[in-house]
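Novice: The file below is data_6.cif, mmCIF, C-alpha atoms; chains and numbers go by the auth columns:
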data_input
#
loop_
_atom_site.group_PDB
_atom_site.id
_atom_site.type_symbol
_atom_site.label_atom_id
_atom_site.label_comp_id
_atom_site.label_asym_id
_atom_site.label_seq_id
_atom_site.Cartn_x
_atom_site.Cartn_y
_atom_site.Cartn_z
_atom_site.B_iso_or_equiv
_atom_site.auth_seq_id
_atom_site.auth_asym_id
ATOM 1 C CA MET A 1 18.006 -37.726 25.390 0.00 1 A
ATOM 2 C CA ARG A 2 15.615 -35.670 27.501 0.00 2 A
ATOM 3 C CA ILE A 3 12.186 -34.665 26.203 0.00 3 A
ATOM 4 C CA LEU A 4 9.628 -32.247 27.638 0.00 4 A
ATOM 5 C CA LEU A 5 6.047 -33.286 26.817 0.00 5 A
ATOM 6 C CA ILE A 6 3.462 -30.492 27.198 0.00 6 A
ATOM 7 C CA GLU A 7 0.082 -32.175 26.786 0.00 7 A
ATOM 8 C CA ASP A 8 -3.139 -31.799 28.791 0.00 8 A
ATOM 9 C CA GLU A 9 -4.859 -34.987 27.584 0.00 9 A
ATOM 10 C CA LYS A 10 -3.766 -37.434 30.276 0.00 10 A
ATOM 11 C CA LYS A 11 -4.271 -40.613 28.260 0.00 11 A
ATOM 12 C CA THR A 12 -2.350 -39.247 25.280 0.00 12 A
ATOM 13 C CA ALA A 13 0.425 -37.941 27.518 0.00 13 A
ATOM 14 C CA ARG A 14 0.817 -41.277 29.319 0.00 14 A
ATOM 15 C CA SER A 15 0.925 -43.194 26.041 0.00 15 A
ATOM 16 C CA ILE A 16 3.551 -40.912 24.491 0.00 16 A
ATOM 17 C CA ARG A 17 5.654 -40.947 27.634 0.00 17 A
ATOM 18 C CA LYS A 18 5.513 -44.769 27.851 0.00 18 A
ATOM 19 C CA GLY A 19 6.576 -45.130 24.224 0.00 19 A
ATOM 20 C CA LEU A 20 9.444 -42.671 24.545 0.00 20 A
ATOM 21 C CA VAL A 21 10.713 -44.199 27.783 0.00 21 A
ATOM 22 C CA GLU A 22 10.722 -47.623 26.126 0.00 22 A
ATOM 23 C CA ARG A 23 12.973 -46.148 23.444 0.00 23 A
ATOM 24 C CA GLY A 24 15.428 -44.841 26.016 0.00 24 A
ATOM 25 C CA PHE A 25 14.247 -41.243 26.418 0.00 25 A
ATOM 26 C CA THR A 26 13.855 -39.414 29.702 0.00 26 A
ATOM 27 C CA VAL A 27 10.481 -37.631 29.656 0.00 27 A
ATOM 28 C CA ASP A 28 9.168 -34.790 31.829 0.00 28 A
ATOM 29 C CA MET A 29 5.489 -33.881 31.522 0.00 29 A
ATOM 30 C CA CYS A 30 3.477 -30.684 32.005 0.00 30 A
ATOM 31 C CA ALA A 31 -0.298 -30.383 31.615 0.00 31 A
ATOM 32 C CA ASP A 32 -0.632 -26.665 30.860 0.00 32 A
ATOM 33 C CA GLY A 33 1.201 -24.105 28.768 0.00 33 A
ATOM 34 C CA ASP A 34 2.336 -21.881 31.611 0.00 34 A
ATOM 35 C CA SER A 35 4.078 -24.594 33.620 0.00 35 A
ATOM 36 C CA GLY A 36 5.415 -26.064 30.377 0.00 36 A
ATOM 37 C CA LEU A 37 6.994 -22.762 29.386 0.00 37 A
ATOM 38 C CA ARG A 38 8.604 -22.338 32.811 0.00 38 A
ATOM 39 C CA GLN A 39 9.957 -25.880 32.662 0.00 39 A
ATOM 40 C CA ALA A 40 11.332 -25.426 29.149 0.00 40 A
ATOM 41 C CA MET A 41 13.080 -22.200 30.125 0.00 41 A
ATOM 42 C CA SER A 42 14.561 -23.499 33.371 0.00 42 A
ATOM 43 C CA GLN A 43 15.821 -26.911 32.225 0.00 43 A
ATOM 44 C CA ASP A 44 18.008 -28.131 29.369 0.00 44 A
ATOM 45 C CA TYR A 45 15.992 -30.355 27.012 0.00 45 A
ATOM 46 C CA ASP A 46 16.921 -32.023 23.758 0.00 46 A
ATOM 47 C CA GLY A 47 13.389 -31.545 22.427 0.00 47 A
ATOM 48 C CA VAL A 48 9.845 -30.435 23.260 0.00 48 A
ATOM 49 C CA VAL A 49 6.613 -32.129 22.157 0.00 49 A
ATOM 50 C CA LEU A 50 3.868 -29.527 22.426 0.00 50 A
ATOM 51 C CA ASP A 51 0.082 -29.528 22.109 0.00 51 A
ATOM 52 C CA LEU A 52 -1.504 -26.259 20.939 0.00 52 A
ATOM 53 C CA MET A 53 -4.834 -26.287 22.768 0.00 53 A
ATOM 54 C CA LEU A 54 -3.585 -26.053 26.343 0.00 54 A
ATOM 55 C CA PRO A 55 -5.059 -24.535 29.503 0.00 55 A
ATOM 56 C CA VAL A 56 -3.653 -21.308 31.021 0.00 56 A
ATOM 57 C CA ARG A 57 -1.358 -20.547 28.053 0.00 57 A
ATOM 58 C CA ASP A 58 -1.818 -21.969 24.553 0.00 58 A
ATOM 59 C CA GLY A 59 0.905 -23.635 22.525 0.00 59 A
ATOM 60 C CA TRP A 60 1.259 -20.686 20.137 0.00 60 A
ATOM 61 C CA SER A 61 2.260 -18.512 23.079 0.00 61 A
ATOM 62 C CA VAL A 62 4.685 -21.124 24.398 0.00 62 A
ATOM 63 C CA ILE A 63 6.517 -21.292 21.049 0.00 63 A
ATOM 64 C CA SER A 64 6.567 -17.522 20.635 0.00 64 A
ATOM 65 C CA GLU A 65 7.865 -16.844 24.146 0.00 65 A
ATOM 66 C CA LEU A 66 10.505 -19.556 23.999 0.00 66 A
ATOM 67 C CA ARG A 67 11.904 -18.208 20.746 0.00 67 A
ATOM 68 C CA ARG A 68 11.653 -14.585 21.906 0.00 68 A
ATOM 69 C CA GLU A 69 13.746 -15.476 24.955 0.00 69 A
ATOM 70 C CA GLY A 70 16.412 -17.087 22.797 0.00 70 A
ATOM 71 C CA GLY A 71 15.454 -20.720 23.364 0.00 71 A
ATOM 72 C CA HIS A 72 16.762 -22.975 20.569 0.00 72 A
ATOM 73 C CA VAL A 73 15.303 -26.284 21.762 0.00 73 A
ATOM 74 C CA PRO A 74 13.663 -28.210 18.878 0.00 74 A
ATOM 75 C CA ILE A 75 9.848 -28.173 19.100 0.00 75 A
ATOM 76 C CA LEU A 76 7.419 -30.698 17.608 0.00 76 A
ATOM 77 C CA VAL A 77 3.810 -29.468 17.572 0.00 77 A
ATOM 78 C CA LEU A 78 1.327 -32.270 18.184 0.00 78 A
ATOM 79 C CA THR A 79 -2.266 -31.095 17.722 0.00 79 A
ATOM 80 C CA ALA A 80 -5.718 -31.789 16.334 0.00 80 A
ATOM 81 C CA ARG A 81 -5.595 -28.480 14.428 0.00 81 A
ATOM 82 C CA ASP A 82 -4.941 -29.552 10.852 0.00 82 A
ATOM 83 C CA ALA A 83 -5.673 -26.389 8.851 0.00 83 A
ATOM 84 C CA VAL A 84 -2.875 -25.229 6.562 0.00 84 A
ATOM 85 C CA GLN A 85 -2.828 -21.798 8.205 0.00 85 A
ATOM 86 C CA ASP A 86 -2.288 -23.445 11.605 0.00 86 A
ATOM 87 C CA ARG A 87 0.664 -25.437 10.272 0.00 87 A
ATOM 88 C CA VAL A 88 2.143 -22.329 8.679 0.00 88 A
ATOM 89 C CA ARG A 89 1.645 -20.282 11.828 0.00 89 A
ATOM 90 C CA GLY A 90 3.347 -22.891 13.979 0.00 90 A
ATOM 91 C CA LEU A 91 6.360 -23.096 11.694 0.00 91 A
ATOM 92 C CA GLU A 92 6.599 -19.318 11.344 0.00 92 A
ATOM 93 C CA LEU A 93 6.601 -18.903 15.127 0.00 93 A
ATOM 94 C CA GLY A 94 9.554 -21.266 15.353 0.00 94 A
ATOM 95 C CA ALA A 95 8.287 -24.848 15.588 0.00 95 A
ATOM 96 C CA ASP A 96 10.525 -27.413 13.889 0.00 96 A
ATOM 97 C CA ASP A 97 7.828 -29.912 12.917 0.00 97 A
ATOM 98 C CA TYR A 98 4.044 -30.317 13.011 0.00 98 A
ATOM 99 C CA LEU A 99 2.098 -33.563 13.436 0.00 99 A
ATOM 100 C CA VAL A 100 -1.701 -33.774 13.427 0.00 100 A
ATOM 101 C CA LYS A 101 -3.766 -35.936 15.787 0.00 101 A
ATOM 102 C CA PRO A 102 -4.722 -38.730 15.500 0.00 102 A
ATOM 103 C CA PHE A 103 -1.273 -39.990 14.627 0.00 103 A
ATOM 104 C CA ALA A 104 0.645 -43.239 14.287 0.00 104 A
ATOM 105 C CA PHE A 105 3.163 -43.655 17.101 0.00 105 A
ATOM 106 C CA SER A 106 5.745 -44.933 14.639 0.00 106 A
ATOM 107 C CA GLU A 107 5.520 -41.635 12.739 0.00 107 A
ATOM 108 C CA LEU A 108 5.691 -39.612 15.954 0.00 108 A
ATOM 109 C CA PHE A 109 8.862 -41.358 17.065 0.00 109 A
ATOM 110 C CA ALA A 110 10.423 -41.068 13.601 0.00 110 A
ATOM 111 C CA ARG A 111 9.684 -37.327 13.526 0.00 111 A
ATOM 112 C CA ILE A 112 11.112 -36.840 17.013 0.00 112 A
ATOM 113 C CA GLU A 113 14.316 -38.662 16.118 0.00 113 A
ATOM 114 C CA SER A 114 14.646 -36.675 12.874 0.00 114 A
ATOM 115 C CA MET A 115 14.041 -33.412 14.740 0.00 115 A
ATOM 116 C CA LEU A 116 16.669 -34.276 17.343 0.00 116 A
ATOM 117 C CA ARG A 117 19.232 -35.079 14.648 0.00 117 A
ATOM 118 C CA ARG A 118 18.632 -31.672 13.091 0.00 118 A
ATOM 119 C CA GLY A 119 18.739 -30.080 16.520 0.00 119 A
ATOM 120 C CA SER A 120 22.128 -31.617 17.284 0.00 120 A
ATOM 121 C CA THR A 121 23.521 -29.812 14.242 0.00 121 A
ATOM 122 C CA ILE A 122 22.018 -26.537 15.415 0.00 122 A
ATOM 123 C CA ARG A 123 23.363 -26.999 18.938 0.00 123 A
ATOM 124 C CA ALA A 124 26.823 -27.600 17.477 0.00 124 A
ATOM 125 C CA ASN A 125 26.772 -23.937 16.440 0.00 125 A
ATOM 126 C CA LEU A 126 25.895 -22.786 19.953 0.00 126 A
ATOM 127 C CA ILE A 127 28.440 -21.922 22.627 0.00 127 A
ATOM 128 C CA ARG A 128 27.250 -21.740 26.240 0.00 128 A
ATOM 129 C CA VAL A 129 29.133 -20.188 29.132 0.00 129 A
ATOM 130 C CA GLY A 130 26.901 -20.008 32.181 0.00 130 A
ATOM 131 C CA ASP A 131 23.723 -18.242 31.075 0.00 131 A
ATOM 132 C CA LEU A 132 25.480 -16.752 28.036 0.00 132 A
ATOM 133 C CA VAL A 133 24.520 -18.389 24.723 0.00 133 A
ATOM 134 C CA ILE A 134 26.275 -17.511 21.464 0.00 134 A
ATOM 135 C CA ASP A 135 24.773 -18.596 18.153 0.00 135 A
ATOM 136 C CA GLU A 136 27.676 -18.534 15.708 0.00 136 A
ATOM 137 C CA SER A 137 25.613 -19.177 12.600 0.00 137 A
ATOM 138 C CA ARG A 138 23.201 -16.299 13.302 0.00 138 A
ATOM 139 C CA HIS A 139 25.778 -13.936 14.851 0.00 139 A
ATOM 140 C CA ARG A 140 23.518 -13.618 17.878 0.00 140 A
ATOM 141 C CA ALA A 141 24.236 -13.675 21.606 0.00 141 A
ATOM 142 C CA THR A 142 21.879 -13.793 24.575 0.00 142 A
ATOM 143 C CA ARG A 143 22.367 -13.731 28.306 0.00 143 A
ATOM 144 C CA ALA A 144 19.679 -15.077 30.637 0.00 144 A
ATOM 145 C CA GLY A 145 17.428 -15.081 27.570 0.00 145 A
ATOM 146 C CA ILE A 146 18.054 -11.383 26.851 0.00 146 A
ATOM 147 C CA GLU A 147 19.491 -10.557 23.448 0.00 147 A
ATOM 148 C CA LEU A 148 22.749 -8.591 23.546 0.00 148 A
ATOM 149 C CA GLU A 149 23.052 -5.704 21.112 0.00 149 A
ATOM 150 C CA LEU A 150 26.652 -6.108 19.953 0.00 150 A
ATOM 151 C CA THR A 151 28.658 -4.514 17.188 0.00 151 A
ATOM 152 C CA ALA A 152 30.381 -6.838 14.734 0.00 152 A
ATOM 153 C CA ARG A 153 33.714 -6.306 16.493 0.00 153 A
ATOM 154 C CA GLU A 154 32.215 -6.886 19.931 0.00 154 A
ATOM 155 C CA PHE A 155 30.611 -10.095 18.733 0.00 155 A
ATOM 156 C CA ALA A 156 33.923 -11.304 17.279 0.00 156 A
ATOM 157 C CA LEU A 157 35.676 -10.492 20.563 0.00 157 A
ATOM 158 C CA LEU A 158 33.027 -12.248 22.644 0.00 158 A
ATOM 159 C CA LEU A 159 33.098 -15.275 20.348 0.00 159 A
ATOM 160 C CA LEU A 160 36.876 -15.564 20.679 0.00 160 A
ATOM 161 C CA LEU A 161 36.666 -15.374 24.475 0.00 161 A
ATOM 162 C CA ALA A 162 33.824 -17.911 24.577 0.00 162 A
ATOM 163 C CA ARG A 163 35.583 -20.388 22.296 0.00 163 A
ATOM 164 C CA ASN A 164 38.454 -20.284 24.771 0.00 164 A
ATOM 165 C CA ALA A 165 36.339 -20.111 27.931 0.00 165 A
ATOM 166 C CA GLY A 166 38.413 -20.670 31.037 0.00 166 A
ATOM 167 C CA HIS A 167 41.673 -20.004 29.214 0.00 167 A
ATOM 168 C CA PRO A 168 43.337 -16.576 29.491 0.00 168 A
ATOM 169 C CA LEU A 169 43.981 -14.776 26.209 0.00 169 A
ATOM 170 C CA SER A 170 46.734 -12.220 25.830 0.00 170 A
ATOM 171 C CA ARG A 171 46.125 -8.839 24.232 0.00 171 A
ATOM 172 C CA THR A 172 48.530 -9.874 21.466 0.00 172 A
ATOM 173 C CA LEU A 173 46.474 -12.946 20.619 0.00 173 A
ATOM 174 C CA ILE A 174 43.203 -10.979 20.752 0.00 174 A
ATOM 175 C CA ALA A 175 44.619 -8.333 18.425 0.00 175 A
ATOM 176 C CA GLU A 176 45.741 -10.964 15.936 0.00 176 A
ATOM 177 C CA LYS A 177 42.490 -12.957 15.964 0.00 177 A
ATOM 178 C CA VAL A 178 39.944 -10.123 16.118 0.00 178 A
ATOM 179 C CA TRP A 179 41.720 -7.249 14.377 0.00 179 A
ATOM 180 C CA GLY A 180 44.141 -9.212 12.214 0.00 180 A
ATOM 181 C CA LEU A 181 46.878 -6.878 13.407 0.00 181 A
ATOM 182 C CA SER A 182 50.101 -7.089 15.330 0.00 182 A
ATOM 183 C CA PHE A 183 49.610 -5.746 18.834 0.00 183 A
ATOM 184 C CA ASP A 184 50.668 -2.149 19.337 0.00 184 A
ATOM 185 C CA THR A 185 51.628 -1.598 22.973 0.00 185 A
ATOM 186 C CA GLY A 186 50.967 2.099 22.502 0.00 186 A
ATOM 187 C CA THR A 187 47.214 1.708 21.993 0.00 187 A
ATOM 188 C CA ASN A 188 44.431 0.761 24.367 0.00 188 A
ATOM 189 C CA VAL A 189 41.950 -0.235 21.645 0.00 189 A
ATOM 190 C CA ILE A 190 41.552 -3.745 23.049 0.00 190 A
ATOM 191 C CA ASP A 191 40.928 -2.493 26.585 0.00 191 A
ATOM 192 C CA VAL A 192 38.326 -0.048 25.266 0.00 192 A
ATOM 193 C CA HIS A 193 36.501 -2.783 23.352 0.00 193 A
ATOM 194 C CA VAL A 194 36.595 -5.126 26.341 0.00 194 A
ATOM 195 C CA ARG A 195 35.187 -2.350 28.518 0.00 195 A
ATOM 196 C CA ASN A 196 32.385 -1.745 26.017 0.00 196 A
ATOM 197 C CA LEU A 197 31.706 -5.469 25.835 0.00 197 A
ATOM 198 C CA ARG A 198 31.521 -5.712 29.617 0.00 198 A
ATOM 199 C CA SER A 199 28.940 -2.930 29.708 0.00 199 A
ATOM 200 C CA LYS A 200 26.625 -5.191 27.688 0.00 200 A
ATOM 201 C CA VAL A 201 27.586 -8.689 28.812 0.00 201 A
ATOM 202 C CA ASP A 202 28.352 -8.139 32.506 0.00 202 A
ATOM 203 C CA ASP A 203 27.116 -4.814 33.868 0.00 203 A
ATOM 204 C CA PRO A 204 23.360 -5.604 33.729 0.00 204 A
ATOM 205 C CA PHE A 205 23.879 -8.954 35.514 0.00 205 A
ATOM 206 C CA ASP A 206 24.953 -9.993 39.003 0.00 206 A
ATOM 207 C CA THR A 207 27.368 -12.685 37.845 0.00 207 A
ATOM 208 C CA LYS A 208 30.359 -11.347 35.922 0.00 208 A
ATOM 209 C CA LEU A 209 31.859 -13.475 33.180 0.00 209 A
ATOM 210 C CA ILE A 210 34.794 -11.416 31.857 0.00 210 A
ATOM 211 C CA ARG A 211 37.845 -11.055 34.071 0.00 211 A
ATOM 212 C CA THR A 212 41.054 -9.086 33.635 0.00 212 A
ATOM 213 C CA LEU A 213 44.235 -10.946 34.543 0.00 213 A
ATOM 214 C CA ARG A 214 46.865 -8.329 35.265 0.00 214 A
ATOM 215 C CA GLY A 215 49.919 -8.763 33.096 0.00 215 A
ATOM 216 C CA VAL A 216 48.253 -11.602 31.158 0.00 216 A
ATOM 217 C CA GLY A 217 45.085 -10.502 29.394 0.00 217 A
ATOM 218 C CA TYR A 218 41.418 -11.500 29.636 0.00 218 A
ATOM 219 C CA VAL A 219 39.448 -14.626 30.365 0.00 219 A
ATOM 220 C CA LEU A 220 35.747 -15.469 30.093 0.00 220 A
ATOM 221 C CA SER A 221 34.370 -18.077 32.464 0.00 221 A
ATOM 222 C CA ALA A 222 31.113 -18.844 34.288 0.00 222 A
ATOM 223 C CA GLY A 223 31.096 -17.531 37.816 0.00 223 A
ATOM 224 C CA ALA A 224 34.138 -15.302 37.262 0.00 224 A
#
Is it possible to express this structure as structure tokens?
Specialist:
Amino acid sequence: MRILLIEDEKKTARSIRKGLVERGFTVDMCADGDSGLRQAMSQDYDGVVLDLMLPVRDGWSVISELRREGGHVPILVLTARDAVQDRVRGLELGADDYLVKPFAFSELFARIESMLRRGSTIRANLIRVGDLVIDESRHRATRAGIELELTAREFALLLLLARNAGHPLSRTLIAEKVWGLSFDTGTNVIDVHVRNLRSKVDDPFDTKLIRTLRGVGYVLSAGA
């Protein structure tokens, strides 16, 4: 398990890191909100432990920006701010848990482990292909952190391709799974929908994910 600790109090940060490492975690540390946000967005973490009162960029902003960019990593807020409105604000912005300083390390570790268990369930509903992330439970897809505005049919088509990433799907299979219909060779409805999907998933980005295999069908894969 890999944790990102964003904490500017050096003594606190060293103590938390030592305790987590002793329990088998890998821990990266950042001492300000701006570098912490960049690290969280560029690396794949199982969880983030975040102070609120940080230099450069505060913790509120880190949570808000991470969630706005489609980041689903579980976040535990660790702060001296104990007002009810602060707790509510943190949770509303997208934090998963909130622990007030000073704290007992046993409680911190228990909350982290609980948060990661919940996070593993959430991640089970996510499909990743390159920088494309599909959240099945929320019917939401992002690419490079940018939300894709998809119709219900486009989302269903993208989800089918992503669930079978790297494996070509025939037009017949796509028609059966997405439209619930037998494939009619006299219609180009599937090709039209794939073209529309490409305009949103591929056209704005340098790396193309959806490929046409002549005489076979379509395949979605990273680096296609």
Novice: Within 12 Å of Ala165 of chain A, counting only C-alpha atoms, which residues qualify if same-chain residues fewer than 6 places away don't, as a PyMOL selection string?
Specialist: chain A and resi 127-130+132+158-159+209-211+218-224
Novice: Can you pull out every residue within 6 Å of segment 84-98 of chain A, counting only C-alpha atoms, but drop anything in the same chain fewer than 3 positions away, and send it as a list of chain:residue names?
Specialist: A:Ser64, A:Pro74, A:Ile75, A:Leu76, A:Val77
Novice: For Ala110 of chain A, which residue out of A:Arg163, A:Arg23, A:Arg153, A:Arg143 is the nearest one, using all atoms listed in the file?
Specialist: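 Closest residue, counting all atoms listed in the file: A:Arg23.
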Novice: For Leu148 of chain A, work out the shell of residues within 12 Å, counting only C-alpha atoms and skipping chain neighbours fewer than 5 positions away, then give it as a PyMOL selection string.
Specialist: chain A and resi 69-70+132-135+139-143+154-155+158+197-204
Novice: Point out the residue among A:Phe205, A:Val192, A:Ala152, A:Val216 with the least atom-to-atom distance to Leu173 of chain A, counting all atoms listed in the file.
Specialist: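 Residue with the minimum atom-to-atom distance to Leu173 of chain A: A:Val216.
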Novice: Have a look at atom CA of Val56 of chain A and atom CA of Asp82 of chain A and let me know their distance in Å, one decimal.
Specialist: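 Value for the atom CA of Val56 of chain A-atom CA of Asp82 of chain A distance: 21.8 Å.
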Novice: Report the centre and edge lengths, in Å to one decimal, of an axis-aligned box enclosing every atom of segment 211-216 of chain A listed in the file, padded by 6 Å on each side, as AutoDock Vina command-line options.
Specialist:
--center_x 43.9 --center_y -10.0 --center_z 33.2 --size_x 24.1 --size_y 15.3 --size_z 16.1
Novice: Return the single residue from A:Leu4, A:Val62, A:Ile174, A:Ala80 that is closest to Asp44 of chain A, with distances computed using only C-alpha atoms.
Specialist: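 Once distances to Asp44 of chain A are computed over only C-alpha atoms, the minimum belongs to A:Leu4.
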Novice: Convert the output of the PyMOL selection byres ((chain A and resi 29) around 9) on the shown file into explicit residues, formatted as a PyMOL selection string.
Specialist: chain A and resi 3-7+13+17+27-28+30-31+36
Novice: Just give me the gap between atom CA of Trp60 of chain A and atom CA of Leu20 of chain A in Å, one decimal is fine.
Specialist: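 A separation of 23.9 Å between them.
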Novice: Can you rebuild segment 49-58 of chain A with all heavy atoms and give it as a PDB file, in the coordinates of the input?
Specialist:
ATOM      1  N   VAL A  49       7.818 -31.714  22.880  1.00  0.00           N
ATOM      2  CA  VAL A  49       6.613 -32.129  22.157  1.00  0.00           C
ATOM      3  C   VAL A  49       5.464 -31.332  22.762  1.00  0.00           C
ATOM      4  O   VAL A  49       5.207 -31.421  23.960  1.00  0.00           O
ATOM      5  CB  VAL A  49       6.363 -33.640  22.278  1.00  0.00           C
ATOM      6  CG1 VAL A  49       5.064 -34.019  21.563  1.00  0.00           C
ATOM      7  CG2 VAL A  49       7.537 -34.424  21.686  1.00  0.00           C
ATOM      8  N   LEU A  50       4.772 -30.561  21.920  1.00  0.00           N
ATOM      9  CA  LEU A  50       3.868 -29.527  22.426  1.00  0.00           C
ATOM     10  C   LEU A  50       2.493 -29.589  21.769  1.00  0.00           C
ATOM     11  O   LEU A  50       2.385 -29.533  20.542  1.00  0.00           O
ATOM     12  CB  LEU A  50       4.504 -28.154  22.170  1.00  0.00           C
ATOM     13  CG  LEU A  50       3.674 -26.915  22.427  1.00  0.00           C
ATOM     14  CD1 LEU A  50       3.453 -26.712  23.920  1.00  0.00           C
ATOM     15  CD2 LEU A  50       4.370 -25.678  21.836  1.00  0.00           C
ATOM     16  N   ASP A  51       1.444 -29.688  22.596  1.00  0.00           N
ATOM     17  CA  ASP A  51       0.082 -29.528  22.109  1.00  0.00           C
ATOM     18  C   ASP A  51      -0.199 -28.029  21.962  1.00  0.00           C
ATOM     19  O   ASP A  51       0.469 -27.200  22.591  1.00  0.00           O
ATOM     20  CB  ASP A  51      -0.895 -30.155  23.104  1.00  0.00           C
ATOM     21  CG  ASP A  51      -2.310 -30.239  22.561  1.00  0.00           C
ATOM     22  OD1 ASP A  51      -2.499 -30.050  21.336  1.00  0.00           O
ATOM     23  OD2 ASP A  51      -3.238 -30.474  23.356  1.00  0.00           O
ATOM     24  N   LEU A  52      -1.158 -27.678  21.119  1.00  0.00           N
ATOM     25  CA  LEU A  52      -1.504 -26.259  20.939  1.00  0.00           C
ATOM     26  C   LEU A  52      -2.641 -25.813  21.849  1.00  0.00           C
ATOM     27  O   LEU A  52      -2.597 -24.726  22.419  1.00  0.00           O
ATOM     28  CB  LEU A  52      -1.880 -25.987  19.474  1.00  0.00           C
ATOM     29  CG  LEU A  52      -0.744 -26.028  18.461  1.00  0.00           C
ATOM     30  CD1 LEU A  52      -1.286 -25.743  17.066  1.00  0.00           C
ATOM     31  CD2 LEU A  52       0.364 -25.038  18.818  1.00  0.00           C
ATOM     32  N   MET A  53      -3.663 -26.655  21.985  1.00  0.00           N
ATOM     33  CA  MET A  53      -4.834 -26.287  22.768  1.00  0.00           C
ATOM     34  C   MET A  53      -4.618 -26.681  24.225  1.00  0.00           C
ATOM     35  O   MET A  53      -5.004 -27.759  24.672  1.00  0.00           O
ATOM     36  CB  MET A  53      -6.089 -26.945  22.197  1.00  0.00           C
ATOM     37  CG  MET A  53      -6.291 -26.665  20.706  1.00  0.00           C
ATOM     38  SD  MET A  53      -6.208 -24.892  20.304  1.00  0.00           S
ATOM     39  CE  MET A  53      -7.704 -24.329  21.125  1.00  0.00           C
ATOM     40  N   LEU A  54      -3.964 -25.795  24.956  1.00  0.00           N
ATOM     41  CA  LEU A  54      -3.585 -26.053  26.343  1.00  0.00           C
ATOM     42  C   LEU A  54      -4.277 -25.081  27.285  1.00  0.00           C
ATOM     43  O   LEU A  54      -4.580 -23.947  26.899  1.00  0.00           O
ATOM     44  CB  LEU A  54      -2.071 -25.906  26.511  1.00  0.00           C
ATOM     45  CG  LEU A  54      -1.177 -26.905  25.782  1.00  0.00           C
ATOM     46  CD1 LEU A  54       0.263 -26.406  25.786  1.00  0.00           C
ATOM     47  CD2 LEU A  54      -1.270 -28.279  26.440  1.00  0.00           C
ATOM     48  N   PRO A  55      -4.524 -25.480  28.523  1.00  0.00           N
ATOM     49  CA  PRO A  55      -5.059 -24.535  29.503  1.00  0.00           C
ATOM     50  C   PRO A  55      -4.004 -23.520  29.935  1.00  0.00           C
ATOM     51  O   PRO A  55      -2.811 -23.748  29.796  1.00  0.00           O
ATOM     52  CB  PRO A  55      -5.461 -25.440  30.677  1.00  0.00           C
ATOM     53  CG  PRO A  55      -4.668 -26.690  30.509  1.00  0.00           C
ATOM     54  CD  PRO A  55      -4.410 -26.852  29.051  1.00  0.00           C
ATOM     55  N   VAL A  56      -4.464 -22.407  30.463  1.00  0.00           N
ATOM     56  CA  VAL A  56      -3.653 -21.308  31.021  1.00  0.00           C
ATOM     57  C   VAL A  56      -2.938 -20.518  29.925  1.00  0.00           C
ATOM     58  O   VAL A  56      -3.107 -19.319  29.786  1.00  0.00           O
ATOM     59  CB  VAL A  56      -2.636 -21.789  32.081  1.00  0.00           C
ATOM     60  CG1 VAL A  56      -1.945 -20.597  32.726  1.00  0.00           C
ATOM     61  CG2 VAL A  56      -3.307 -22.675  33.128  1.00  0.00           C
ATOM     62  N   ARG A  57      -2.101 -21.184  29.148  1.00  0.00           N
ATOM     63  CA  ARG A  57      -1.358 -20.547  28.053  1.00  0.00           C
ATOM     64  C   ARG A  57      -1.349 -21.511  26.871  1.00  0.00           C
ATOM     65  O   ARG A  57      -0.986 -22.679  27.033  1.00  0.00           O
ATOM     66  CB  ARG A  57       0.071 -20.226  28.500  1.00  0.00           C
ATOM     67  CG  ARG A  57       0.956 -19.601  27.424  1.00  0.00           C
ATOM     68  CD  ARG A  57       2.412 -19.603  27.832  1.00  0.00           C
ATOM     69  NE  ARG A  57       2.696 -18.647  28.868  1.00  0.00           N
ATOM     70  CZ  ARG A  57       3.119 -17.397  28.667  1.00  0.00           C
ATOM     71  NH1 ARG A  57       3.309 -16.973  27.419  1.00  0.00           N
ATOM     72  NH2 ARG A  57       3.368 -16.596  29.667  1.00  0.00           N
ATOM     73  N   ASP A  58      -1.759 -21.044  25.686  1.00  0.00           N
ATOM     74  CA  ASP A  58      -1.818 -21.969  24.553  1.00  0.00           C
ATOM     75  C   ASP A  58      -0.431 -22.225  23.963  1.00  0.00           C
ATOM     76  O   ASP A  58       0.547 -21.557  24.293  1.00  0.00           O
ATOM     77  CB  ASP A  58      -2.795 -21.488  23.481  1.00  0.00           C
ATOM     78  CG  ASP A  58      -2.365 -20.175  22.820  1.00  0.00           C
ATOM     79  OD1 ASP A  58      -1.153 -19.910  22.717  1.00  0.00           O
ATOM     80  OD2 ASP A  58      -3.258 -19.414  22.395  1.00  0.00           O
TER      81      ASP A  58
END
